[in-house]
file input01.tsv (TSV, C-alpha atoms and all ligand atoms)
chain	number	residue	atom	x	y	z
Q	152	MET	CA	0.00	0.00	0.00
Q	153	ALA	CA	1.35	3.43	-0.90
Q	154	ALA	CA	2.31	5.61	2.03
Q	155	PRO	CA	-0.20	8.44	2.56
Q	156	ALA	CA	0.96	11.72	1.04
Q	157	ALA	CA	2.79	13.89	3.55
Q	158	PHE	CA	0.68	16.66	5.02
Q	159	SER	CA	1.25	19.86	3.13
Q	160	LEU	CA	-0.20	23.24	3.85
Q	161	ARG	CA	-0.61	23.75	0.09
Q	162	GLU	CA	-3.75	21.58	-0.06
Q	163	VAL	CA	-5.17	23.19	3.05
Q	164	LEU	CA	-4.86	26.66	1.68
Q	165	ALA	CA	-6.22	25.43	-1.68
Q	166	ALA	CA	-9.43	24.46	0.13
Q	167	PHE	CA	-10.11	28.16	0.59
Q	168	GLN	CA	-9.74	28.60	-3.16
Q	169	GLY	CA	-12.50	26.05	-3.74
Q	170	CYS	CA	-14.80	27.83	-1.29
Q	171	VAL	CA	-16.03	30.63	-3.46
Q	172	THR	CA	-18.52	30.02	-6.26
Q	173	GLU	CA	-19.00	32.11	-9.40
Q	174	ARG	CA	-21.88	33.85	-7.63
Q	175	ARG	CA	-19.55	34.79	-4.81
Q	176	GLU	CA	-21.10	32.34	-2.39
Q	177	VAL	CA	-18.88	30.80	0.27
Q	178	LEU	CA	-19.39	27.02	0.42
Q	179	LEU	CA	-19.26	25.61	3.93
Q	180	GLY	CA	-17.92	22.18	2.91
Q	181	PRO	CA	-14.53	23.35	1.64
Q	182	TYR	CA	-14.44	26.16	4.22
Q	183	LEU	CA	-14.60	23.63	7.05
Q	184	ARG	CA	-12.16	21.28	5.29
Q	185	GLY	CA	-9.73	24.19	5.17
Q	186	TRP	CA	-10.16	24.68	8.92
Q	187	ARG	CA	-9.74	20.96	9.63
Q	188	GLY	CA	-6.41	21.05	7.78
Q	189	LEU	CA	-5.24	24.13	9.66
Q	190	ILE	CA	-6.11	22.45	12.95
Q	191	ARG	CA	-4.09	19.40	11.89
Q	192	PHE	CA	-1.15	21.66	11.23
Q	193	LEU	CA	-1.66	23.32	14.59
Q	194	HIS	CA	-1.46	19.89	16.29
Q	195	SER	CA	1.94	19.38	14.73
Q	196	LEU	CA	3.16	22.50	16.58
Q	197	GLY	CA	2.78	20.77	19.92
Q	198	ALA	CA	0.62	20.52	23.02
Q	199	ILE	CA	1.21	24.14	23.96
Q	200	PHE	CA	-1.42	25.06	21.34
Q	201	SER	CA	-3.99	22.51	22.50
Q	202	PHE	CA	-6.12	25.19	24.19
Q	203	VAL	CA	-6.41	26.84	20.78
Q	204	SER	CA	-7.11	23.67	18.79
Q	205	LYS	CA	-9.71	22.50	21.31
Q	206	ASP	CA	-11.76	25.62	20.76
Q	207	ALA	CA	-11.26	25.54	16.99
Q	208	VAL	CA	-12.28	21.85	16.85
Q	209	ALA	CA	-15.37	22.56	18.94
Q	210	LYS	CA	-16.43	25.32	16.54
Q	211	VAL	CA	-15.78	23.24	13.44
Q	212	GLN	CA	-17.74	20.35	14.99
Q	213	ILE	CA	-20.75	22.56	15.64
Q	214	MET	CA	-20.70	23.56	11.98
Q	215	GLU	CA	-20.18	20.00	10.74
Q	216	GLY	CA	-23.20	19.01	12.84
Q	217	TYR	CA	-25.35	21.57	11.02
Q	218	CYS	CA	-23.92	20.65	7.63
Q	219	GLY	CA	-24.77	16.98	8.16
Q	220	GLY	CA	-28.01	17.55	10.06
Q	221	GLU	CA	-31.68	17.68	9.16
Q	222	GLN	CA	-31.43	21.15	7.67
Q	223	ARG	CA	-28.28	20.39	5.71
Q	224	GLU	CA	-29.52	22.07	2.49
Q	225	ARG	CA	-29.69	25.34	4.41
Q	226	TYR	CA	-26.04	25.00	5.37
Q	227	VAL	CA	-24.54	24.62	1.91
Q	228	SER	CA	-23.19	28.15	1.86
Q	229	LEU	CA	-22.69	30.99	4.33
Q	230	GLN	CA	-25.30	32.96	2.41
Q	231	SER	CA	-27.97	30.24	2.71
Q	232	MET	CA	-27.09	29.73	6.38
Q	233	VAL	CA	-27.48	33.42	7.25
Q	234	GLU	CA	-30.76	33.65	5.39
Q	235	TYR	CA	-32.17	30.53	7.04
Q	236	GLU	CA	-31.03	31.20	10.59
Q	237	LEU	CA	-32.20	34.81	10.55
Q	238	ALA	CA	-35.57	33.98	9.00
Q	239	SER	CA	-36.11	31.22	11.56
Q	240	GLY	CA	-35.10	33.33	14.55
Q	241	LEU	CA	-32.24	31.00	15.46
Q	242	VAL	CA	-29.65	33.72	16.08
Q	243	ASP	CA	-29.20	35.38	19.47
Q	244	LEU	CA	-28.57	38.96	18.41
Q	245	HIS	CA	-27.97	40.72	21.73
Q	246	LYS	CA	-27.50	38.19	24.49
Q	247	ARG	CA	-26.90	34.46	24.60
Q	248	SER	CA	-30.10	32.77	25.62
Q	249	GLY	CA	-28.93	29.25	26.36
Q	250	ARG	CA	-30.13	27.73	23.11
Q	251	PRO	CA	-27.58	25.93	20.91
Q	252	ASP	CA	-24.91	28.10	19.34
Q	253	SER	CA	-26.07	29.37	15.97
Q	254	GLY	CA	-24.07	28.76	12.82
Q	255	CYS	CA	-23.79	32.55	12.43
Q	256	ARG	CA	-22.11	33.20	15.80
Q	257	THR	CA	-19.89	30.14	15.36
Q	258	VAL	CA	-18.71	31.09	11.88
Q	259	LEU	CA	-18.12	34.65	13.13
Q	260	ARG	CA	-15.46	33.30	15.55
Q	261	LEU	CA	-13.76	31.37	12.74
Q	262	HIS	CA	-14.07	34.38	10.47
Q	263	ARG	CA	-12.26	36.59	12.99
Q	264	ALA	CA	-9.55	33.95	13.26
Q	265	LEU	CA	-9.25	33.94	9.48
Q	266	ARG	CA	-8.30	37.62	9.66
Q	267	TRP	CA	-5.50	36.65	12.06
Q	268	LEU	CA	-4.39	33.91	9.64
Q	269	GLN	CA	-4.37	36.36	6.73
Q	270	LEU	CA	-2.20	38.86	8.62
Q	271	PHE	CA	0.08	36.17	9.99
Q	272	LEU	CA	0.70	34.50	6.63
Q	273	GLU	CA	1.25	37.87	4.96
Q	274	GLY	CA	3.73	38.72	7.71
Q	275	LEU	CA	5.57	35.44	7.18
Q	276	ARG	CA	5.59	35.88	3.42
Q	277	THR	CA	7.00	39.39	3.46
Q	278	GLY	CA	9.18	38.97	6.56
Q	279	ARG	CA	12.96	38.96	6.47
Q	280	GLU	CA	14.77	35.69	6.69
Q	281	ASP	CA	15.81	36.40	10.27
Q	282	SER	CA	12.45	37.72	11.47
Q	283	ARG	CA	10.91	35.98	14.44
Q	284	THR	CA	7.74	33.99	13.89
Q	285	SER	CA	6.63	34.77	17.44
Q	286	VAL	CA	6.80	38.51	16.73
Q	287	ILE	CA	4.91	38.18	13.43
Q	288	CYS	CA	2.32	36.04	15.19
Q	289	THR	CA	1.93	38.40	18.16
Q	290	ASP	CA	1.60	41.45	15.90
Q	291	SER	CA	-1.05	39.75	13.75
Q	292	TYR	CA	-2.91	38.58	16.84
Q	293	ASN	CA	-2.86	42.01	18.46
Q	294	ALA	CA	-4.15	43.57	15.25
Q	295	SER	CA	-7.07	41.14	14.98
Q	296	LEU	CA	-8.30	38.45	17.37
Q	297	ALA	CA	-6.92	39.91	20.58
Q	298	ALA	CA	-9.67	42.54	20.63
Q	299	TYR	CA	-12.23	39.78	21.19
Q	300	HIS	CA	-10.38	37.82	23.86
Q	301	PRO	CA	-10.25	38.33	27.62
Q	302	TRP	CA	-6.92	39.00	29.30
Q	303	VAL	CA	-6.26	35.41	30.32
Q	304	ILE	CA	-6.58	34.08	26.76
Q	305	ARG	CA	-4.44	36.92	25.39
Q	306	LYS	CA	-1.79	36.08	27.95
Q	307	ALA	CA	-1.84	32.32	27.20
Q	308	ALA	CA	-1.71	33.02	23.46
Q	309	THR	CA	1.26	35.36	23.78
Q	310	VAL	CA	3.15	32.80	25.87
Q	311	ALA	CA	2.40	30.00	23.37
Q	312	PHE	CA	3.58	32.14	20.43
Q	313	CYS	CA	7.06	32.25	21.97
Q	314	ALA	CA	7.33	28.49	21.28
Q	315	LEU	CA	7.04	28.96	17.53
Q	316	PRO	CA	10.09	27.97	15.49
Q	317	PRO	CA	12.09	30.63	13.61
Q	318	ARG	CA	10.65	31.88	10.30
Q	319	ASN	CA	12.58	29.65	7.92
Q	320	ALA	CA	12.09	26.52	10.02
Q	321	PHE	CA	8.40	27.39	10.21
Q	322	LEU	CA	8.16	27.79	6.43
Q	323	GLU	CA	9.80	24.39	6.04
Q	324	ILE	CA	7.41	22.52	8.34
Q	325	MET	CA	4.59	23.64	6.05
Q	326	ASN	CA	5.92	20.85	3.79
Q	327	VAL	CA	5.67	22.81	0.60
Q	328	GLY	CA	9.37	22.51	-0.21
Q	329	THR	CA	12.08	25.02	0.61
Q	330	ALA	CA	11.36	28.26	2.46
Q	331	GLU	CA	11.36	30.04	-0.94
Q	332	ASP	CA	8.80	27.56	-2.30
Q	333	ALA	CA	6.62	28.18	0.74
Q	334	VAL	CA	6.84	31.95	0.24
Q	335	ALA	CA	5.81	31.53	-3.41
Q	336	MET	CA	2.91	29.28	-2.40
Q	337	LEU	CA	1.74	31.84	0.16
Q	338	GLY	CA	1.79	34.51	-2.55
Q	339	GLU	CA	-0.57	32.35	-4.61
Q	340	ALA	CA	-2.83	31.21	-1.77
Q	341	LEU	CA	-3.29	34.45	0.16
Q	342	PRO	CA	-5.53	36.22	-2.39
Q	343	TYR	CA	-8.03	33.36	-2.05
Q	344	ILE	CA	-8.07	33.60	1.74
Q	345	CYS	CA	-8.50	37.39	1.49
Q	346	ASN	CA	-11.38	36.85	-0.89
Q	347	VAL	CA	-13.17	34.46	1.47
Q	348	TYR	CA	-12.56	36.89	4.30
Q	349	SER	CA	-13.93	39.92	2.49
Q	350	ILE	CA	-17.02	38.20	1.12
Q	351	THR	CA	-17.87	36.93	4.62
Q	352	GLN	CA	-17.17	40.33	6.16
Q	353	GLU	CA	-19.50	42.00	3.65
Q	354	LEU	CA	-22.24	39.42	4.26
Q	355	PHE	CA	-22.06	39.72	8.05
Q	356	ALA	CA	-21.84	43.52	7.93
Q	357	HIS	CA	-24.85	43.69	5.62
Q	358	HIS	CA	-26.94	41.69	8.10
Q	359	LYS	CA	-25.43	43.46	11.14
Q	360	LEU	CA	-23.99	40.21	12.48
Q	361	LEU	CA	-20.47	41.36	13.28
Q	362	ASP	CA	-21.05	41.62	17.05
Q	363	LEU	CA	-23.01	38.45	17.77
Q	364	PRO	CA	-22.66	37.40	21.42
Y	1	LIG	C1	0.79	28.38	8.30
Y	1	LIG	C2	0.12	28.76	9.51
Y	1	LIG	C3	-1.01	27.94	9.84
Y	1	LIG	C4	-1.34	28.05	11.25
Y	1	LIG	C5	-2.53	27.28	11.53
Y	1	LIG	C6	-3.10	27.65	12.76
Y	1	LIG	C7	-4.55	27.45	12.83
Y	1	LIG	C8	-5.03	28.26	13.93
Y	1	LIG	C9	-6.43	28.09	14.25
Y	1	LIG	C10	-6.84	29.11	15.21
Y	1	LIG	C11	-8.28	29.05	15.45
Y	1	LIG	C12	-8.66	29.87	16.59
Y	1	LIG	C13	-10.11	29.93	16.76
Y	1	LIG	C14	-10.44	30.87	17.85
Y	1	LIG	C15	-11.88	31.19	17.92
Y	1	LIG	C16	-12.07	32.13	19.10
Y	1	LIG	O1	-11.72	33.28	19.02
Y	1	LIG	N1	-12.65	31.61	20.21
Y	1	LIG	C17	-12.80	32.36	21.43
Y	1	LIG	C18	-14.20	32.86	21.59
Y	1	LIG	O2	-15.10	31.80	21.54
Y	1	LIG	P1	-16.50	31.91	22.31
Y	1	LIG	O3	-17.29	30.68	21.88
Y	1	LIG	O4	-16.19	31.89	23.78
Y	1	LIG	O5	-17.16	33.19	21.90
Y	1	LIG	C19	-12.36	31.50	22.57
Y	1	LIG	O6	-12.53	32.16	23.78
Y	1	LIG	C20	-10.96	31.14	22.30
Y	1	LIG	C21	-10.26	30.27	22.94
Y	1	LIG	C22	-8.93	29.76	22.47
Y	1	LIG	C23	-7.84	30.72	22.25
Y	1	LIG	C24	-7.70	31.28	20.88
Y	1	LIG	C25	-6.36	31.92	20.66
Y	1	LIG	C26	-6.15	32.15	19.21
Y	1	LIG	C27	-4.74	32.36	18.86
Y	1	LIG	C28	-4.48	32.43	17.41
Y	1	LIG	C29	-3.96	31.20	16.77
Y	1	LIG	C30	-2.61	30.81	17.19
Y	1	LIG	C31	-1.97	29.71	16.42
Y	1	LIG	C32	-0.57	30.01	16.14
Y	1	LIG	C33	0.09	29.00	15.31
Y	1	LIG	C34	1.01	29.52	14.33

call {"tool": "encode", "arguments": {"input": "input01.tsv", "output": "structure tokens", "more": "lines below"}}
Ligand code: 1PX
result
Amino acid sequence: MAAPAAFSLREVLAAFQGCVTERREVLLGPYLRGWRGLIRFLHSLGAIFSFVSKDAVAKVQIMEGYCGGEQRERYVSLQSMVEYELASGLVDLHKRSGRPDSGCRTVLRLHRALRWLQLFLEGLRTGREDSRTSVICTDSYNASLAAYHPWVIRKAATVAFCALPPRNAFLEIMNVGTAEDAVAMLGEALPYICNVYSITQELFAHHKLLDLP
């Protein structure tokens, strides 16, 4: 039996390319597959990130539950999900009421993390050879996700970032080839991630869903 292909971040980032349809809809299937792959990569960085992957897995599982559940046709795309959940009154708009987490509030958390990913990967791509991954990661985090996290999470995140390997070693564990190959791949993949981010941002802004509790 052939050995399974080594994990490469190329395929993961390509999932975000397959997310967007010609009508600018974001398909949840590939979106969640992209997240699953990122979480797998995160596992390879060690147990120090398990508090992050636990939360990410929980959010992806909630969404996979909806996508495989009774209302699965409503969860084909972000657009159909928003329309369905809003029309059915399933979204807590001001305060959490104890009912199951909506797809909208769950995707919003992943969406905010996607902004971090975009900034982080752009920082890695354009960074100097001797730049520190931990600094790139902290800067991207402070410019995005940190605003939504309480002090204790911000603290734990900042400590964990210090464990990240130096930039070139980090680029190599992506398994795309040399550090230069990884930089080239990031240049190709990032526009797709940006596209997914901005379509989602527009959709959530349009429906005033950017502050869901
Ligand atoms: C080539 C680089 C690839 C790196 C892959 C890394 C994938 C990272 C996945 C991060 C997903 C984080 C989801 C966080 C969602 C969130 O904000 N949740 C919070 C709010 O949820 P709630 O349900 O309570 O409203 C929750 O409180 C968060 C808890 C966990 C801590 C999140 C820290 C995020 C740090 C950013 C990612 C760091 C990974 C660094 C690896 C390079």

call {"tool": "residues_near_ligand", "arguments": {"input": "input01.tsv", "ligand": "ligand LIG 1 (chain Y)", "cutoff": "7 Å", "atoms": "only C-alpha atoms and all ligand atoms", "output": "ChimeraX atom specification"}}
result
/Q:160,189-190,192-193,200,202-204,206-207,260-261,263-264,267-268,272,288,292,296,299-300,304,308,312,315,325,364

call {"tool": "residues_around", "arguments": {"input": "input01.tsv", "residues": "segment 353-355 of chain Q", "least_positions_apart": "3", "cutoff": "12 Å", "atoms": "all atoms listed in the file", "output": "list of chain:residue names"}}
result
Q:Arg175, Q:Glu176, Q:Val177, Q:Ser228, Q:Leu229, Q:Gln230, Q:Ser231, Q:Met232, Q:Val233, Q:Glu234, Q:Leu237, Q:Cys255, Q:Arg256, Q:Val258, Q:Leu259, Q:Arg260, Q:His262, Q:Arg263, Q:Asn346, Q:Val347, Q:Tyr348, Q:Ser349, Q:Ile350, Q:His358, Q:Lys359, Q:Leu360, Q:Leu361, Q:Asp362, Q:Leu363

call {"tool": "atom_distance", "arguments": {"input": "input01.tsv", "atom1": "atom CA of Arg184 of chain Q", "atom2": "atom CA of Val163 of chain Q"}}
result
7.6 Å

call {"tool": "residues_near_point", "arguments": {"input": "input01.tsv", "point": "(-3.0, 41.2, 8.4)", "cutoff": "6 Å", "atoms": "only C-alpha atoms", "output": "list in words"}}
result
Gln269, Leu270 and Ser291 of chain Q

call {"tool": "residues_near_point", "arguments": {"input": "input01.tsv", "point": "(-6.0, 24.8, -3.3)", "cutoff": "12 Å", "atoms": "only C-alpha atoms", "output": "ChimeraX atom specification"}}
result
/Q:159-171,181-182,184-185,188,336-337,339-344

call {"tool": "write_last_selection", "arguments": {"input": "input01.tsv", "atoms": "C-alpha atoms", "output": "compact mmCIF listing (two decimals), keeping the file's coordinate frame"}}
result
# COMPACT_ATOMS: atom_id res chain seq x y z
CA SER Q 159 1.25 19.86 3.13
CA LEU Q 160 -0.20 23.24 3.85
CA ARG Q 161 -0.61 23.75 0.09
CA GLU Q 162 -3.75 21.58 -0.06
CA VAL Q 163 -5.17 23.19 3.05
CA LEU Q 164 -4.86 26.66 1.68
CA ALA Q 165 -6.22 25.43 -1.68
CA ALA Q 166 -9.43 24.46 0.13
CA PHE Q 167 -10.11 28.16 0.59
CA GLN Q 168 -9.74 28.60 -3.16
CA GLY Q 169 -12.50 26.05 -3.74
CA CYS Q 170 -14.80 27.83 -1.29
CA VAL Q 171 -16.03 30.63 -3.46
CA PRO Q 181 -14.53 23.35 1.64
CA TYR Q 182 -14.44 26.16 4.22
CA ARG Q 184 -12.16 21.28 5.29
CA GLY Q 185 -9.73 24.19 5.17
CA GLY Q 188 -6.41 21.05 7.78
CA MET Q 336 2.91 29.28 -2.40
CA LEU Q 337 1.74 31.84 0.16
CA GLU Q 339 -0.57 32.35 -4.61
CA ALA Q 340 -2.83 31.21 -1.77
CA LEU Q 341 -3.29 34.45 0.16
CA PRO Q 342 -5.53 36.22 -2.39
CA TYR Q 343 -8.03 33.36 -2.05
CA ILE Q 344 -8.07 33.60 1.74

call {"tool": "closest_residue", "arguments": {"input": "input01.tsv", "among": "Q:Phe158, Q:Trp186, Q:Phe321, Q:Phe271", "to": "Val211 of chain Q", "atoms": "only C-alpha atoms"}}
result
Q:Trp186

call {"tool": "closest_residue", "arguments": {"input": "input01.tsv", "among": "Q:Ile324, Q:Cys345, Q:Ala333, Q:Ala356", "to": "Leu196 of chain Q", "atoms": "all atoms listed in the file"}}
result
Q:Ile324

call {"tool": "atom_distance", "arguments": {"input": "input01.tsv", "atom1": "atom CA of His245 of chain Q", "atom2": "atom CA of Lys210 of chain Q"}}
result
19.9 Å

call {"tool": "closest_residue", "arguments": {"input": "input01.tsv", "among": "Q:Ser285, Q:Ser195, Q:Thr257, Q:Ser239", "to": "Ala209 of chain Q", "atoms": "all atoms listed in the file"}}
result
Q:Thr257

call {"tool": "atom_distance", "arguments": {"input": "input01.tsv", "atom1": "atom CA of Ala294 of chain Q", "atom2": "atom CA of Thr351 of chain Q"}}
result
18.6 Å

call {"tool": "residues_around", "arguments": {"input": "input01.tsv", "residues": "Leu322 of chain Q", "least_positions_apart": "2", "cutoff": "10 Å", "atoms": "all atoms listed in the file", "output": "JSON, numbers by chain"}}
result
{"Q": [160, 275, 276, 284, 316, 317, 318, 319, 320, 324, 325, 326, 327, 328, 329, 330, 331, 332, 333, 334, 337]}

call {"tool": "closest_residue", "arguments": {"input": "input01.tsv", "among": "Q:Val208, Q:Leu179, Q:Ala297, Q:Ala198", "to": "Gly254 of chain Q", "atoms": "all atoms listed in the file"}}
result
Q:Leu179

call {"tool": "closest_residue", "arguments": {"input": "input01.tsv", "among": "Q:Gln352, Q:Cys313, Q:Gly220, Q:Val286", "to": "Ile199 of chain Q", "atoms": "all atoms listed in the file"}}
result
Q:Cys313

call {"tool": "axis_aligned_box", "arguments": {"input": "input01.tsv", "around": "segment 247-261 of chain Q", "padding_each_side": "6 Å", "output": "lines of an AutoDock Vina configuration file"}}
result
center_x = -21.9
center_y = 30.3
center_z = 19.1
size_x = 28.4
size_y = 20.7
size_z = 26.5

call {"tool": "closest_residue", "arguments": {"input": "input01.tsv", "among": "Q:Ile213, Q:Ala314, Q:Pro301, Q:His357", "to": "Pro251 of chain Q", "atoms": "all atoms listed in the file"}}
result
Q:Ile213
